[in-house]
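Trainee: Pasting a structure below so you can have a look.
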Amino acid sequence: MDMTKSSSILILVLVFVSSLMETEAYYFRQCSTKGSRCHGKYIKCPVECPSSESNDPKVKVCLIDCDKPICKAVCRHRKPNCNAPGSGCHDPRFIGGDGRVFYFHGKSNDHFSLVSDSDLQINARFIGHRPVGRTRDYTWIQALGIMFNSQTFSLEAIKTPQWNDKVDHLKFTYNGNDLVLHEASLSTWYSPNKDVKVERVADKNIVIVTFKDVAEIMVNVVPVTKEDDAIHNYKVPNDDCFAHLEVQFRFFALSPKVDGVLGRTYRLDYENTAKPGVAMPVVGGEDKYKTTSLLSSNCASCVFSKDTPSEKETTNIRDFGTLDCTKFSYGMGIVCKK
């Protein structure tokens, strides 16, 4: 009888300890975005994604979106979601801050402002070609150039005739100097002031770049596949698979005057000019957003300034108690429902 009682007590103790260990396995993440509703709060990650890091790029991790009206953690993949707001993929297909899809074709070997704000400039270099008989170029995003206060950063997909996923196709620069990032999952580089972070999600071709309190960019390098070529009739030549970037942006402190091909869709007064209901809603503005180089801010609509003070007026979802649902989401990624 005493043996049975002792065994029962031991089992209960083991169950209790196991329960504690299971509870502690789920991490609490702190929201560090200054000025947000959730700033400083510790939020529990979901059971499905208890950690914010993983060596497996296919595994979902815990994300705290500090700019959402409610302080809640969600699970996400650590690579671009081409069907979510802030993304730019394929023959440039964007999803704006208002949640609407649009295409911006630009021109091969030219540079365009994707985002231009007082303290942030993000440009893209387009690559592509124009088969005989076409009136425009097929284009893809080959490189990003970022100016962040007085710093510069660039990343690009390296040109290659044939795609090999066992080779890393990414090249980085910081302030004009080549940046070497060790080819290993979770390999990380920081700028001297720790305000720029580059982290590999996989050992090759997938990274997350973070500009502290300003923006996060998820990047994946992909080729134009034979299947893509057959479906869209790109007529890709044999000596170039057009390695390009799939990207997804998250912004933490955009101002009401932000501009750029993608940036303008986050403005409160943004009116989407793309025709609704068409298969490929195309927006123009090549002349308005064209820059002379990957790291310049001299386009007609650019508002970036290296001398911007540290404090600026920002636009954030938390600032709006009510929304006018007669207009489409005010560029904030919010869809009104009755």
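By order in the structure tokens, chains are A, B, ...; within a chain, residues start at 1; ligands start at 1, following the order shown.
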Enumerate the residues of region 43-244 of chain A with a DSSP assignment of helix (DSSP H, G or I), computed from the backbone, and present them as a VMD selection string.
Mentor: chain A and resid 226 to 232
Trainee: Please provide as a PyMOL selection string all residues within 7 Å of region 134-144 of chain A, with the sequence filter that same-chain residues fewer than 2 positions apart are discarded (counting only C-alpha atoms).
Mentor: chain A and resi 90-92+105+107-108+122-132+146+154-157+244-245
Trainee: Name the residues in contact with Thr173 (chain A) at a cut-off of 12 Å, using only C-alpha atoms, excluding same-chain residues fewer than 6 positions from it; report them as number ranges by chain.
Mentor: A: 143-147, 151-156, 179-181, 189, 191, 196, 198, 294-295
Trainee: Go ahead and save the residues from that selection, with N, CA and C atoms, as a PDB file, in the first residue's frame.
Mentor:
```pdb
ATOM      1  N   ALA A 143      18.299  44.052 -57.527  1.00  0.00           N
ATOM      2  CA  ALA A 143      19.074  44.591 -56.405  1.00  0.00           C
ATOM      3  C   ALA A 143      18.256  45.623 -55.640  1.00  0.00           C
ATOM      4  N   LEU A 144      18.610  45.794 -54.371  1.00  0.00           N
ATOM      5  CA  LEU A 144      18.049  46.852 -53.531  1.00  0.00           C
ATOM      6  C   LEU A 144      19.186  47.723 -53.023  1.00  0.00           C
ATOM      7  N   GLY A 145      18.967  49.026 -53.040  1.00  0.00           N
ATOM      8  CA  GLY A 145      19.900  49.974 -52.449  1.00  0.00           C
ATOM      9  C   GLY A 145      19.185  50.767 -51.378  1.00  0.00           C
ATOM     10  N   ILE A 146      19.725  50.777 -50.171  1.00  0.00           N
ATOM     11  CA  ILE A 146      19.066  51.430 -49.042  1.00  0.00           C
ATOM     12  C   ILE A 146      19.945  52.523 -48.480  1.00  0.00           C
ATOM     13  N   MET A 147      19.367  53.701 -48.301  1.00  0.00           N
ATOM     14  CA  MET A 147      20.018  54.790 -47.588  1.00  0.00           C
ATOM     15  C   MET A 147      19.234  55.018 -46.296  1.00  0.00           C
ATOM     16  N   GLN A 151      23.956  56.288 -43.660  1.00  0.00           N
ATOM     17  CA  GLN A 151      24.537  55.011 -44.054  1.00  0.00           C
ATOM     18  C   GLN A 151      23.961  54.520 -45.381  1.00  0.00           C
ATOM     19  N   THR A 152      24.721  53.646 -46.051  1.00  0.00           N
ATOM     20  CA  THR A 152      24.227  53.012 -47.274  1.00  0.00           C
ATOM     21  C   THR A 152      24.407  51.508 -47.159  1.00  0.00           C
ATOM     22  N   PHE A 153      23.471  50.792 -47.756  1.00  0.00           N
ATOM     23  CA  PHE A 153      23.514  49.329 -47.754  1.00  0.00           C
ATOM     24  C   PHE A 153      22.916  48.846 -49.065  1.00  0.00           C
ATOM     25  N   SER A 154      23.507  47.814 -49.638  1.00  0.00           N
ATOM     26  CA  SER A 154      22.944  47.242 -50.856  1.00  0.00           C
ATOM     27  C   SER A 154      23.025  45.725 -50.808  1.00  0.00           C
ATOM     28  N   LEU A 155      22.101  45.096 -51.489  1.00  0.00           N
ATOM     29  CA  LEU A 155      22.154  43.652 -51.689  1.00  0.00           C
ATOM     30  C   LEU A 155      21.664  43.370 -53.095  1.00  0.00           C
ATOM     31  N   GLU A 156      22.250  42.358 -53.723  1.00  0.00           N
ATOM     32  CA  GLU A 156      21.880  42.055 -55.097  1.00  0.00           C
ATOM     33  C   GLU A 156      21.974  40.566 -55.381  1.00  0.00           C
ATOM     34  N   LEU A 179      30.552  43.357 -47.991  1.00  0.00           N
ATOM     35  CA  LEU A 179      30.205  42.779 -46.697  1.00  0.00           C
ATOM     36  C   LEU A 179      30.161  41.260 -46.881  1.00  0.00           C
ATOM     37  N   VAL A 180      30.921  40.540 -46.075  1.00  0.00           N
ATOM     38  CA  VAL A 180      30.962  39.085 -46.154  1.00  0.00           C
ATOM     39  C   VAL A 180      30.134  38.499 -45.011  1.00  0.00           C
ATOM     40  N   LEU A 181      29.161  37.678 -45.381  1.00  0.00           N
ATOM     41  CA  LEU A 181      28.290  37.033 -44.397  1.00  0.00           C
ATOM     42  C   LEU A 181      28.487  35.524 -44.505  1.00  0.00           C
ATOM     43  N   TRP A 189      25.335  39.516 -39.160  1.00  0.00           N
ATOM     44  CA  TRP A 189      26.270  40.648 -39.210  1.00  0.00           C
ATOM     45  C   TRP A 189      25.568  41.877 -38.677  1.00  0.00           C
ATOM     46  N   SER A 191      26.060  46.256 -38.075  1.00  0.00           N
ATOM     47  CA  SER A 191      26.830  47.473 -38.322  1.00  0.00           C
ATOM     48  C   SER A 191      27.495  47.900 -37.015  1.00  0.00           C
ATOM     49  N   VAL A 196      21.972  48.285 -38.019  1.00  0.00           N
ATOM     50  CA  VAL A 196      21.699  47.506 -39.221  1.00  0.00           C
ATOM     51  C   VAL A 196      22.091  46.063 -38.931  1.00  0.00           C
ATOM     52  N   VAL A 198      21.987  42.012 -40.553  1.00  0.00           N
ATOM     53  CA  VAL A 198      21.749  41.096 -41.670  1.00  0.00           C
ATOM     54  C   VAL A 198      21.851  39.678 -41.122  1.00  0.00           C
ATOM     55  N   LEU A 294      21.614  53.105 -57.988  1.00  0.00           N
ATOM     56  CA  LEU A 294      21.014  52.293 -56.933  1.00  0.00           C
ATOM     57  C   LEU A 294      21.022  53.014 -55.589  1.00  0.00           C
ATOM     58  N   LEU A 295      22.012  53.876 -55.383  1.00  0.00           N
ATOM     59  CA  LEU A 295      22.148  54.566 -54.100  1.00  0.00           C
ATOM     60  C   LEU A 295      22.075  56.085 -54.286  1.00  0.00           C
TER      61      LEU A 295
END
```
Trainee: Using only C-alpha atoms, pick whichever of A:Lys60, A:Arg100, A:Lys275, A:Lys235 has the shortest atom-to-atom distance to Val47 (chain A).
Mentor: A:Lys60
Trainee: Taking the backbone alone, and naming residues the way the document does, which bits of region 82-320 of chain A are strand (DSSP E or B) by DSSP, as number ranges by chain?
Mentor: A: 87-89, 93-95, 101-103, 111-117, 120-129, 138-148, 151-157, 170-174, 177-179, 188-190, 196-200, 206-211, 215-222, 244-251, 259, 282, 290-291
Trainee: Quick one: residues within 8 Å of Arg76 (chain A), only C-alpha atoms counted, chain neighbours fewer than 2 positions away excluded, as a list in words?
Mentor: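 Close residues of Arg76 (chain A): Lys60, Val61, Cys62, Leu63, Val74 and Arg78 of chain A.
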Trainee: Filtering to N, CA, C and O atoms, could you give me those residues as a JSON list (two decimals), in the first residue's frame?
Mentor:
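This went into selection_37.json:
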```json
[["chain", "number", "residue", "atom", "x", "y", "z"],
["A", 60, "LYS", "N", 7.90, 27.82, -39.21],
["A", 60, "LYS", "CA", 7.38, 29.12, -38.80],
["A", 60, "LYS", "C", 7.95, 29.52, -37.45],
["A", 60, "LYS", "O", 8.21, 28.68, -36.60],
["A", 61, "VAL", "N", 8.14, 30.83, -37.28],
["A", 61, "VAL", "CA", 8.67, 31.35, -36.02],
["A", 61, "VAL", "C", 7.71, 32.40, -35.45],
["A", 61, "VAL", "O", 6.77, 32.84, -36.12],
["A", 62, "CYS", "N", 7.97, 32.80, -34.22],
["A", 62, "CYS", "CA", 7.11, 33.74, -33.51],
["A", 62, "CYS", "C", 7.42, 35.18, -33.91],
["A", 62, "CYS", "O", 8.58, 35.58, -33.94],
["A", 63, "LEU", "N", 6.40, 35.94, -34.22],
["A", 63, "LEU", "CA", 6.54, 37.35, -34.58],
["A", 63, "LEU", "C", 5.61, 38.19, -33.72],
["A", 63, "LEU", "O", 4.43, 37.89, -33.59],
["A", 74, "VAL", "N", 2.10, 36.14, -33.58],
["A", 74, "VAL", "CA", 1.62, 35.29, -34.67],
["A", 74, "VAL", "C", 2.78, 34.43, -35.18],
["A", 74, "VAL", "O", 3.95, 34.72, -34.92],
["A", 78, "ARG", "N", 10.04, 32.80, -42.23],
["A", 78, "ARG", "CA", 11.08, 33.83, -42.25],
["A", 78, "ARG", "C", 11.59, 34.04, -43.68],
["A", 78, "ARG", "O", 12.79, 34.13, -43.93]]
```
Trainee: Can you pull out the residues contacting Met280 (chain A)? Cut-off 8 Å, using only C-alpha atoms, and skip same-chain residues under 2 positions away; I want them as a list in words.
Mentor: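 Within the cut-off, the hits are Phe102, Tyr103, Val278 and Val282 of chain A.
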Trainee: In Å, rounded to a single decimal, give me how far CA of Gly263 (chain A) is from CA of Gly277 (chain A).
Mentor: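 Distance between the two atoms: 22.6 Å.
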Trainee: Restricting the calculation to only C-alpha atoms, which member of A:Arg264, A:His111, A:His232, A:Lys72 is positioned closest to Gly86 (chain A)?
Mentor: A:Arg264
Trainee: Neighbours of region 210-218 of chain A within 9 Å (only C-alpha atoms; same-chain residues fewer than 2 positions away dropped), as a list in words?
Mentor: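 Here the qualifying residues turn out to be Ser32, Thr33, Lys34, Arg78, Lys79, Pro80, Asn81, Asp119, Leu120, Phe148, Lys194, Asp195, Val196, Lys197, Val198, Glu199, Ile206, Val207, Ile208, Asn220, Glu246, Val247, Gln248, Phe249, Arg250, Phe251, Phe252, Ala253 and Leu254 of chain A.
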Trainee: Please, could you write that set of residues out with N, CA, C and O atoms as a compact mmCIF listing (two decimals), in the first residue's frame?
Mentor:
```txt
# COMPACT_ATOMS: atom_id res chain seq x y z
N SER A 32 9.80 45.89 -28.88
CA SER A 32 10.79 46.94 -28.67
C SER A 32 10.57 48.17 -29.55
O SER A 32 11.34 49.12 -29.50
N THR A 33 9.51 48.16 -30.37
CA THR A 33 9.24 49.30 -31.24
C THR A 33 8.77 50.50 -30.41
O THR A 33 7.69 50.47 -29.82
N LYS A 34 9.56 51.54 -30.39
CA LYS A 34 9.26 52.71 -29.57
C LYS A 34 8.00 53.42 -30.07
O LYS A 34 7.80 53.56 -31.27
N ARG A 78 10.04 32.80 -42.23
CA ARG A 78 11.08 33.83 -42.25
C ARG A 78 11.59 34.04 -43.68
O ARG A 78 12.79 34.13 -43.93
N LYS A 79 10.68 34.09 -44.61
CA LYS A 79 11.02 34.41 -45.99
C LYS A 79 9.84 35.16 -46.58
O LYS A 79 8.74 35.16 -46.01
N PRO A 80 10.03 35.86 -47.69
CA PRO A 80 8.96 36.70 -48.21
C PRO A 80 7.68 35.93 -48.51
O PRO A 80 7.72 34.83 -49.05
N ASN A 81 6.56 36.53 -48.13
CA ASN A 81 5.25 36.03 -48.51
C ASN A 81 4.76 36.90 -49.66
O ASN A 81 4.37 38.05 -49.45
N ASP A 119 13.92 59.76 -43.67
CA ASP A 119 15.13 59.12 -43.16
C ASP A 119 15.37 57.73 -43.76
O ASP A 119 16.18 56.97 -43.25
N LEU A 120 14.66 57.41 -44.84
CA LEU A 120 14.80 56.09 -45.45
C LEU A 120 14.55 56.17 -46.95
O LEU A 120 13.54 56.71 -47.39
N PHE A 148 19.96 54.97 -45.19
CA PHE A 148 19.35 55.00 -43.88
C PHE A 148 20.13 56.00 -43.05
O PHE A 148 21.25 55.74 -42.64
N LYS A 194 25.14 48.80 -34.37
CA LYS A 194 24.09 47.80 -34.17
C LYS A 194 22.71 48.23 -34.68
O LYS A 194 21.69 47.67 -34.28
N ASP A 195 22.68 49.23 -35.57
CA ASP A 195 21.39 49.67 -36.09
C ASP A 195 21.05 49.06 -37.45
O ASP A 195 19.96 49.29 -37.98
N VAL A 196 21.97 48.29 -38.02
CA VAL A 196 21.70 47.51 -39.22
C VAL A 196 22.09 46.06 -38.93
O VAL A 196 23.19 45.79 -38.46
N LYS A 197 21.18 45.15 -39.20
CA LYS A 197 21.41 43.73 -38.93
C LYS A 197 21.08 42.92 -40.18
O LYS A 197 20.04 43.12 -40.81
N VAL A 198 21.99 42.01 -40.55
CA VAL A 198 21.75 41.10 -41.67
C VAL A 198 21.85 39.68 -41.12
O VAL A 198 22.86 39.31 -40.53
N GLU A 199 20.80 38.89 -41.32
CA GLU A 199 20.78 37.53 -40.78
C GLU A 199 20.37 36.54 -41.86
O GLU A 199 19.40 36.76 -42.59
N ILE A 206 18.66 33.26 -48.67
CA ILE A 206 17.54 33.83 -47.92
C ILE A 206 18.08 34.62 -46.73
O ILE A 206 18.80 34.06 -45.91
N VAL A 207 17.73 35.90 -46.63
CA VAL A 207 18.19 36.74 -45.52
C VAL A 207 17.08 37.65 -45.04
O VAL A 207 16.08 37.88 -45.74
N ILE A 208 17.27 38.16 -43.82
CA ILE A 208 16.42 39.22 -43.29
C ILE A 208 17.33 40.38 -42.92
O ILE A 208 18.32 40.20 -42.21
N ASN A 220 14.58 36.76 -50.70
CA ASN A 220 14.83 35.41 -51.21
C ASN A 220 15.27 35.53 -52.66
O ASN A 220 14.63 36.24 -53.45
N GLU A 246 12.90 38.13 -54.49
CA GLU A 246 11.56 38.24 -53.92
C GLU A 246 11.73 38.98 -52.60
O GLU A 246 12.60 38.62 -51.80
N VAL A 247 10.93 40.00 -52.37
CA VAL A 247 11.11 40.81 -51.16
C VAL A 247 9.78 41.05 -50.47
O VAL A 247 8.72 41.04 -51.09
N GLN A 248 9.87 41.25 -49.16
CA GLN A 248 8.71 41.69 -48.38
C GLN A 248 9.19 42.65 -47.31
O GLN A 248 10.15 42.35 -46.59
N PHE A 249 8.53 43.79 -47.23
CA PHE A 249 8.93 44.86 -46.31
C PHE A 249 7.96 44.96 -45.14
O PHE A 249 6.74 44.76 -45.30
N ARG A 250 8.51 45.30 -43.97
CA ARG A 250 7.70 45.76 -42.83
C ARG A 250 8.29 47.09 -42.41
O ARG A 250 9.50 47.23 -42.25
N PHE A 251 7.42 48.09 -42.23
CA PHE A 251 7.86 49.43 -41.86
C PHE A 251 7.35 49.76 -40.47
O PHE A 251 6.22 49.46 -40.12
N PHE A 252 8.21 50.43 -39.69
CA PHE A 252 7.87 50.73 -38.31
C PHE A 252 7.64 52.21 -38.04
O PHE A 252 7.10 52.56 -37.00
N ALA A 253 8.08 53.09 -38.93
CA ALA A 253 7.98 54.52 -38.61
C ALA A 253 7.92 55.37 -39.86
O ALA A 253 8.71 56.30 -40.05
N LEU A 254 6.99 55.08 -40.76
CA LEU A 254 6.85 55.89 -41.96
C LEU A 254 6.15 57.21 -41.64
O LEU A 254 5.28 57.26 -40.77
```
Trainee: Using only C-alpha atoms for the distances, tell me which of A:Ser301, A:Ser87, A:Asn175, A:Asn164 is nearest to Lys204 (chain A).
Mentor: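 Ranking A:Ser301, A:Ser87, A:Asn175, A:Asn164 by distance to Lys204 (chain A), first place goes to A:Asn164.
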Trainee: Within 10 Å of Pro57 (chain A), counting only C-alpha atoms, which residues qualify if same-chain residues fewer than 6 places away don't, as a list of chain:residue names?
Mentor: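 After dropping sequence-adjacent residues, the list is A:His77, A:Arg78, A:Lys79, A:Ser185, A:Leu186, A:Arg200, A:Val201, A:Ala202, A:Asp203, A:Ile206.
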